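What follows is a short report on a single structure.
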2 protein chains.
Amino acid sequence: MTRARTAPDDRTARGTDRAPAMSDVAQVAGVSHQTVSRVLNGHPNVRPETRERVLSAISQLGYRRNTAARALVTRRTGAIGVVTEDSPLYGPTMTLIALENAARGQGVYVSVATVTRWDVPGVQASLEHFLDQGVDGVVVIASHDEAVRAVQDYRSRVPVVMVGPSELDGGVRTVAVNQYAGARLATRHLIEHGHTDIVHVSGPPVWLDARARARGWRDAMLQSGLEPGEPLAGDWTASTGFRIGKELIERSAARPLPTAVFAANDQLALGLLHAFAESGVSVPREVSVVGFDDVEGSAHFFPPLTTVTPDWAALGRRCLEQMVAALDGGTGEPVLVRTGLTVRASSGPVRR
Amino acid sequence: MTRARTAPDDRTARGTDRAPAMSDVAQVAGVSHQTVSRVLNGHPNVRPETRERVLSAISQLGYRRNTAARALVTRRTGAIGVVTEDSPLYGPTMTLIALENAARGQGVYVSVATVTRWDVPGVQASLEHFLDQGVDGVVVIASHDEAVRAVQDYRSRVPVVMVGPSELDGGVRTVAVNQYAGARLATRHLIEHGHTDIVHVSGPPVWLDARARARGWRDAMLQSGLEPGEPLAGDWTASTGFRIGKELIERSAARPLPTAVFAANDQLALGLLHAFAESGVSVPREVSVVGFDDVEGSAHFFPPLTTVTPDWAALGRRCLEQMVAALDGGTGEPVLVRTGLTVRASSGPVRR
DNA sequence: CCGTATGCTGTGAGCGCTCACACAGCAGCC
DNA sequence: GGCTGCTGTGTGAGCGCTCACAGCATACGG
């Protein structure tokens with residue numbers, strides 16, 4: 001009685017090891033499988049009494065709809081893929097979390113794939129991975145030049161949303177934090193405190209984020225009639241911030257220390273703070289420091305860090321909205337999410 | 001010619017909008033669909049020449065096997081679910097990344113769900129979510145008491161692996177960082193530098209991790225004939241570390257500052273460093289501080305933090321191994337992953 | 001009293017794949 | 001020659017669901 005295969009007229013005598021199917025529910029409720037399907041899909045034309053019988057049969061059997069069978073016929077798996085970086089960068093992690101939360105609220109499953117380097121083969125391998133899985137759409141959390149190129153070059157059957165670039169050609173939808181506005185906010189904050197010599201330590205220039213932040217700083221400077229000079233190119237790490245901080249101090253014999261530094265992210269700012277502290281340069285008395293991201297713990301850096309605070313949760317939510325719109329075949333305007341500034345002890349008025 | 005439904009004898013005339021199916025490949029290659037399936041599944045009994053024909057038909061058509069159809073008959077989706085916390089804690093994030101990397105290497109898809117609070121309903125909702133999706137197994141990254149209870153109480157059709165607890169009853173497999181050994185390592189490091197008054201700031205006691213770390217500290221103290229006293233109960237945040245640091249300083253009139261503090265994680269340590277710096281207490285001259293996790297940037301805290309360094313990548317890999325073993329129906333011994341100690345400037349010899 | 005509309009339910013096909021099995025061809029062996 | 005075994009391939013059923021459509025009531029207009 002527990003044969004793996006059963007004759008057609010024997011369907012209800014399926015092995016006890018097998019999960020119940022729609023036909024089992026139908027039998028228990030005394031209706032056809034189609035009626036069960038109608039109840040499950042919220043079809044209106046079902047008598048309330050029938051609906052009740054079906055629902056109670058479902059809970060009695062612990063029935064769970066088989067997604068594979070459903071996906072086979074509807075051609076929708078209800079899953080989306082998210083490509084993100086394989087290092088725990090704060091922004092991408094927060095975005096992923098918010099995106100997942102929003103997705104679960106809509107009954108969308110979220111699959112992840114990480115990428116070690118944002119090169120074309122790496123990104124396209126992730127896209128392939130998801131297409132093999134049969135996702136309905138893919139979200140790529142990256143504002144890296146090559147990632148953008150990889151996505152734009154890739155013709156896929158499913159919609160793609162990029163988180164990072166502020167807008168893109170080629171039918172790729174975008175959602176982004178307003179990096180530019182955030183950087184201007186930070187720079188203006190420093191200018192309002194009387195700073196005129198404000199150095200920018202940028203992220204790696206192949207990142208769109210890094211360039212947008214640098215542009216925001218530059219434009220804020222120019223608009224106040226200040227000479228921005230060249231930003232110091234870094235990456236996103238504290239080690240590089242530390243190295244650049246040390247360099248600024250070393251060369252201060254020739255070129256005096258700036259009165260303020262705007263770092264492209266909090267890790268860079270952390271490294272700068274470390275370098276200044278180690279060399280006895282007082283922050284914010286001698287140098288003000290402002291970061292970007294508001295990472296966990298930045299309120300307890302030494303001193304607590306003034307930093308630009310993106311609304312990551314909003315980014316994740318808007319991203320899912322874009323994806324849902326794309327799945328429904330709608331058009332999508334690029335979305336920009338606002339940023340705030342959290343002022344802490346690392347920035348203050350000029351004191352020279 | 002592009003009707004949605006086609007007659008059986010008309011299968012090859014499917015609409016151009018539809019992805020190619022195995023039968024299309026079969027037609028192009030001049031074989032049966034079954035032979036295509038054999039090639040795809042690496043079945044040995046296929047003539048090399050036939051295999052070549054099939055492979056070239058596959059690449060010519062851009063064929064991709066339909067996972068839904070496959071899952072329907074094999075009862076395996078090839079996907080696993082991962083439940084993790086919806087805040088960007090360092091350890092869980094790193095574990096997820098490593099797990100995903102390992103999974104992709106094995107052709108396993110990784111679906112994620114986050115949990116806001118580790119209570120029974122929350123955890124079980126995530127498990128339900130994954131069972132609805134039809135995953136082959138679930139990994140729960142949590143060493144929280146209630147999460148453990150939720151998982152143990154939940155009778156699921158699929159294997160569950162917990163990352164965090166060092167071992168568990170009820171058929172739940174476990175993979176964990178050796179918290180206990182890491183905490184002993186950190187404590188012994190301090191003892192070897194001559195410290196005798198070593199305070200422990202613990203994580204929230206409902207976390208198994210927190211208790212294991214506290215036990216490691218306690219045992220190391222006792223084995224050296226030192227009196228551990230009661231640990232100070234914190235949570236995992238820098239704010240709490242800051243508060244506790246301030247309290248230690250305030251009461252130092254009555255009870256002198258300890259010469260060393262072992263914090264249950266790096267965030268707590270960061271808060272402690274902040275409190276000490278703000279009050280002019282020199283680290284490590286007056287107090288040594290050791291953390292746990294080796295988070296991004298801990299090398300640039302002020303001063304750079306001595307901390308226990310778990311091998312997160314190994315944790316993720318071992319976790320997937322456990323899952324694969326479970327899927328194959330094998331038995332599984334609890335796995336413990338080793339920890340190291342990264343010594344930096346925040347700890348040093350006693351100077352009193 | 002018939003024809004049409006409307007609410008509720010059932011029937012059957014088919015999504016694209018894998019599994020079990022059939023079967024042809026060829027070798028080797030009494 | 002006939003039996004066995006092996007290799008390579010094809011045939012057909014069925015996984016559990018949704019979709020299109022058929023049916024059978026009851027209602028309502030003429």
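Just remember, in the structure tokens the first chain shown is A, the second B, etc., residues are 1-based per chain, and ligands are 1-based in the order shown.
For the pair chain A and chain B, the all-Cα root-mean-square deviation following least-squares superposition comes to 0.1 Å.
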How would you write, as a PyMOL selection string, the set of residues in segment 116-320 of chain A that DSSP gives as strand (DSSP E)? chain A and resi 137-141+160-163+173-177+198-202+232-233+260-263+288-292+306-310
Write the residues you've just listed into a file as a JSON list (two decimals), in the first residue's frame, and include C-alpha atoms for each of them.
[["chain", "number", "residue", "atom", "x", "y", "z"],
["A", 137, "GLY", "CA", 13.63, 38.77, -11.64],
["A", 138, "VAL", "CA", 17.07, 39.74, -10.43],
["A", 139, "VAL", "CA", 18.23, 42.60, -8.21],
["A", 140, "VAL", "CA", 21.89, 43.57, -8.42],
["A", 141, "ILE", "CA", 23.16, 45.55, -5.45],
["A", 160, "VAL", "CA", 16.73, 43.31, -13.71],
["A", 161, "VAL", "CA", 16.80, 46.08, -11.11],
["A", 162, "MET", "CA", 20.10, 47.67, -10.12],
["A", 163, "VAL", "CA", 20.57, 49.18, -6.70],
["A", 173, "ARG", "CA", 15.58, 49.86, -13.68],
["A", 174, "THR", "CA", 17.43, 51.60, -10.88],
["A", 175, "VAL", "CA", 17.01, 52.46, -7.25],
["A", 176, "ALA", "CA", 19.64, 54.46, -5.43],
["A", 177, "VAL", "CA", 20.50, 56.44, -2.36],
["A", 198, "ILE", "CA", 37.92, 70.70, 3.29],
["A", 199, "VAL", "CA", 39.64, 67.65, 1.88],
["A", 200, "HIS", "CA", 37.66, 64.74, 0.45],
["A", 201, "VAL", "CA", 38.89, 61.17, 0.81],
["A", 202, "SER", "CA", 36.97, 59.36, -1.89],
["A", 232, "LEU", "CA", 42.37, 61.76, -2.33],
["A", 233, "ALA", "CA", 41.45, 58.43, -3.88],
["A", 260, "ALA", "CA", 38.11, 69.30, 7.86],
["A", 261, "VAL", "CA", 38.00, 65.96, 6.06],
["A", 262, "PHE", "CA", 34.94, 64.50, 4.41],
["A", 263, "ALA", "CA", 35.43, 60.75, 4.03],
["A", 288, "SER", "CA", 36.72, 67.92, 11.78],
["A", 289, "VAL", "CA", 35.85, 64.53, 10.27],
["A", 290, "VAL", "CA", 32.62, 63.54, 8.59],
["A", 291, "GLY", "CA", 31.77, 60.09, 7.23],
["A", 292, "PHE", "CA", 29.06, 58.47, 5.15],
["A", 306, "THR", "CA", 29.28, 62.88, 12.28],
["A", 307, "THR", "CA", 28.04, 61.02, 9.23],
["A", 308, "VAL", "CA", 25.56, 60.94, 6.39],
["A", 309, "THR", "CA", 22.69, 58.60, 7.15],
["A", 310, "PRO", "CA", 20.99, 56.95, 4.19]]
At a cut-off of 8 Å, which residues of chain A touch chain B? Count only C-alpha atoms and give the answer as an NGL selection string. :A and (64-69 or 71-72 or 77 or 86-88 or 90 or 93-94 or 97 or 100-101 or 104 or 109-114 or 132-134 or 237-239 or 242 or 267 or 270-271 or 274 or 277 or 297 or 300-303)
With 9 Å as the limit and counting only C-alpha atoms (C1' of nucleotides), what residues in chain D lie close to chain A? Please list them as a PyMOL selection string. chain D and resi 14-19
Would you export the selected residues with C-alpha atoms (C1' of nucleotides) as a PDB file, in the first residue's frame, please?
ATOM      1  C1'  DG D  14       2.870  10.607 -14.051  1.00  0.00           C
ATOM      2  C1'  DC D  15       4.720  14.368 -10.623  1.00  0.00           C
ATOM      3  C1'  DG D  16       0.688  18.292  -8.696  1.00  0.00           C
ATOM      4  C1'  DC D  17      -0.897  22.026 -10.275  1.00  0.00           C
ATOM      5  C1'  DT D  18      -3.719  25.764 -13.401  1.00  0.00           C
ATOM      6  C1'  DC D  19      -6.224  26.784 -17.382  1.00  0.00           C
TER       7       DC D  19
END
Enumerate as a PyMOL selection string all residues of segment 115-262 of chain B assigned to helix (DSSP H, G or I) by DSSP on the backbone, naming them with the chain letters and numbers the document uses. chain B and resi 120-133+145-153+179-192+208-223+238-253
Keeping only C-alpha atoms, take the residues you just selected and write them out as a PDB file, in the first residue's frame.
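What ended up in part.pdb:
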ATOM      1  CA  VAL B 120       8.900  31.135  18.800  1.00  0.00           C
ATOM      2  CA  PRO B 121       6.250  32.609  16.494  1.00  0.00           C
ATOM      3  CA  GLY B 122       8.816  34.585  14.550  1.00  0.00           C
ATOM      4  CA  VAL B 123      11.124  31.651  13.970  1.00  0.00           C
ATOM      5  CA  GLN B 124       8.314  29.297  13.123  1.00  0.00           C
ATOM      6  CA  ALA B 125       6.879  31.807  10.662  1.00  0.00           C
ATOM      7  CA  SER B 126      10.214  31.737   8.860  1.00  0.00           C
ATOM      8  CA  LEU B 127      10.236  27.967   8.836  1.00  0.00           C
ATOM      9  CA  GLU B 128       6.708  27.976   7.419  1.00  0.00           C
ATOM     10  CA  HIS B 129       7.799  30.454   4.798  1.00  0.00           C
ATOM     11  CA  PHE B 130      10.505  28.090   3.631  1.00  0.00           C
ATOM     12  CA  LEU B 131       8.326  25.008   3.712  1.00  0.00           C
ATOM     13  CA  ASP B 132       5.814  26.848   1.570  1.00  0.00           C
ATOM     14  CA  GLN B 133       8.611  27.578  -0.821  1.00  0.00           C
ATOM     15  CA  ASP B 145      17.397  30.189  23.567  1.00  0.00           C
ATOM     16  CA  GLU B 146      14.001  30.847  22.090  1.00  0.00           C
ATOM     17  CA  ALA B 147      15.174  30.170  18.571  1.00  0.00           C
ATOM     18  CA  VAL B 148      16.452  26.813  19.759  1.00  0.00           C
ATOM     19  CA  ARG B 149      13.149  26.081  21.424  1.00  0.00           C
ATOM     20  CA  ALA B 150      11.216  27.101  18.338  1.00  0.00           C
ATOM     21  CA  VAL B 151      13.281  24.831  16.125  1.00  0.00           C
ATOM     22  CA  GLN B 152      13.132  21.895  18.494  1.00  0.00           C
ATOM     23  CA  ASP B 153       9.381  22.199  18.885  1.00  0.00           C
ATOM     24  CA  GLN B 179      33.003  30.147  21.708  1.00  0.00           C
ATOM     25  CA  TYR B 180      34.212  28.561  24.865  1.00  0.00           C
ATOM     26  CA  ALA B 181      37.730  27.962  23.591  1.00  0.00           C
ATOM     27  CA  GLY B 182      37.871  31.472  22.137  1.00  0.00           C
ATOM     28  CA  ALA B 183      36.888  33.038  25.448  1.00  0.00           C
ATOM     29  CA  ARG B 184      39.485  30.971  27.310  1.00  0.00           C
ATOM     30  CA  LEU B 185      42.104  31.998  24.806  1.00  0.00           C
ATOM     31  CA  ALA B 186      41.314  35.667  25.342  1.00  0.00           C
ATOM     32  CA  THR B 187      41.254  35.346  29.104  1.00  0.00           C
ATOM     33  CA  ARG B 188      44.489  33.371  29.264  1.00  0.00           C
ATOM     34  CA  HIS B 189      46.122  35.984  27.082  1.00  0.00           C
ATOM     35  CA  LEU B 190      45.266  38.570  29.731  1.00  0.00           C
ATOM     36  CA  ILE B 191      46.336  36.321  32.615  1.00  0.00           C
ATOM     37  CA  GLU B 192      49.666  35.709  30.933  1.00  0.00           C
ATOM     38  CA  LEU B 208      24.001  30.564  24.074  1.00  0.00           C
ATOM     39  CA  ASP B 209      27.016  32.319  22.549  1.00  0.00           C
ATOM     40  CA  ALA B 210      27.028  34.814  25.389  1.00  0.00           C
ATOM     41  CA  ARG B 211      26.858  32.083  28.005  1.00  0.00           C
ATOM     42  CA  ALA B 212      29.568  29.998  26.353  1.00  0.00           C
ATOM     43  CA  ARG B 213      31.886  32.989  26.219  1.00  0.00           C
ATOM     44  CA  ALA B 214      31.178  33.768  29.861  1.00  0.00           C
ATOM     45  CA  ARG B 215      31.898  30.163  30.790  1.00  0.00           C
ATOM     46  CA  GLY B 216      35.206  30.238  28.949  1.00  0.00           C
ATOM     47  CA  TRP B 217      36.249  33.352  30.814  1.00  0.00           C
ATOM     48  CA  ARG B 218      35.121  31.929  34.143  1.00  0.00           C
ATOM     49  CA  ASP B 219      36.902  28.603  33.711  1.00  0.00           C
ATOM     50  CA  ALA B 220      40.125  30.250  32.584  1.00  0.00           C
ATOM     51  CA  MET B 221      40.029  32.430  35.688  1.00  0.00           C
ATOM     52  CA  LEU B 222      39.323  29.532  38.030  1.00  0.00           C
ATOM     53  CA  GLN B 223      42.031  27.374  36.485  1.00  0.00           C
ATOM     54  CA  ALA B 238      28.367  49.626  21.552  1.00  0.00           C
ATOM     55  CA  SER B 239      25.969  51.839  23.522  1.00  0.00           C
ATOM     56  CA  THR B 240      25.784  49.307  26.296  1.00  0.00           C
ATOM     57  CA  GLY B 241      29.555  48.914  26.280  1.00  0.00           C
ATOM     58  CA  PHE B 242      29.799  52.670  26.663  1.00  0.00           C
ATOM     59  CA  ARG B 243      27.350  52.744  29.553  1.00  0.00           C
ATOM     60  CA  ILE B 244      29.122  49.923  31.366  1.00  0.00           C
ATOM     61  CA  GLY B 245      32.491  51.568  30.814  1.00  0.00           C
ATOM     62  CA  LYS B 246      31.176  54.754  32.377  1.00  0.00           C
ATOM     63  CA  GLU B 247      29.786  52.839  35.336  1.00  0.00           C
ATOM     64  CA  LEU B 248      33.112  51.100  35.927  1.00  0.00           C
ATOM     65  CA  ILE B 249      34.834  54.489  36.032  1.00  0.00           C
ATOM     66  CA  GLU B 250      32.237  56.102  38.270  1.00  0.00           C
ATOM     67  CA  ARG B 251      32.391  53.450  40.905  1.00  0.00           C
ATOM     68  CA  SER B 252      36.195  53.287  40.807  1.00  0.00           C
ATOM     69  CA  ALA B 253      36.312  55.329  43.994  1.00  0.00           C
TER      70      ALA B 253
END
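Between atom CA of Ala326 of chain A and atom CA of Ala314 of chain A the interatomic distance comes to 18.2 Å.
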Residues of chain C within 8 Å of chain A, counting only C-alpha atoms (C1' of nucleotides), as an MDAnalysis selection string: chainID C and resid 7:10 15:16
Emit the selected residues as a CSV table (one decimal), in the first residue's frame, including C-alpha atoms (C1' of nucleotides).
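Below you can see again-v5.csv, which holds the result:
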chain,number,residue,atom,x,y,z
C,7,DG,C1',-23.4,31.1,-9.8
C,8,DC,C1',-21.1,27.2,-8.6
C,9,DT,C1',-18.7,23.0,-9.7
C,10,DG,C1',-16.4,19.2,-12.3
C,15,DC,C1',3.2,22.4,-18.2
C,16,DG,C1',8.5,20.0,-18.8
12 Å contact set for DT6 of chain C, only C-alpha atoms (C1' of nucleotides), chain neighbours under 5 positions out, as JSON, numbers by chain: {"A": [45], "D": [25, 26, 27, 28]}
Residues just named, written with C-alpha atoms (C1' of nucleotides) as an mmCIF file, in the first residue's frame:
data_model
loop_
_atom_site.group_PDB
_atom_site.id
_atom_site.type_symbol
_atom_site.label_atom_id
_atom_site.label_comp_id
_atom_site.auth_asym_id
_atom_site.auth_seq_id
_atom_site.Cartn_x
_atom_site.Cartn_y
_atom_site.Cartn_z
ATOM 1 C CA ASN A 45 -17.385 31.886 -7.173
ATOM 2 C "C1'" DA D 25 -28.448 24.105 -11.392
ATOM 3 C "C1'" DT D 26 -31.327 28.312 -10.272
ATOM 4 C "C1'" DA D 27 -32.999 33.000 -11.675
ATOM 5 C "C1'" DC D 28 -35.140 36.127 -14.748
#
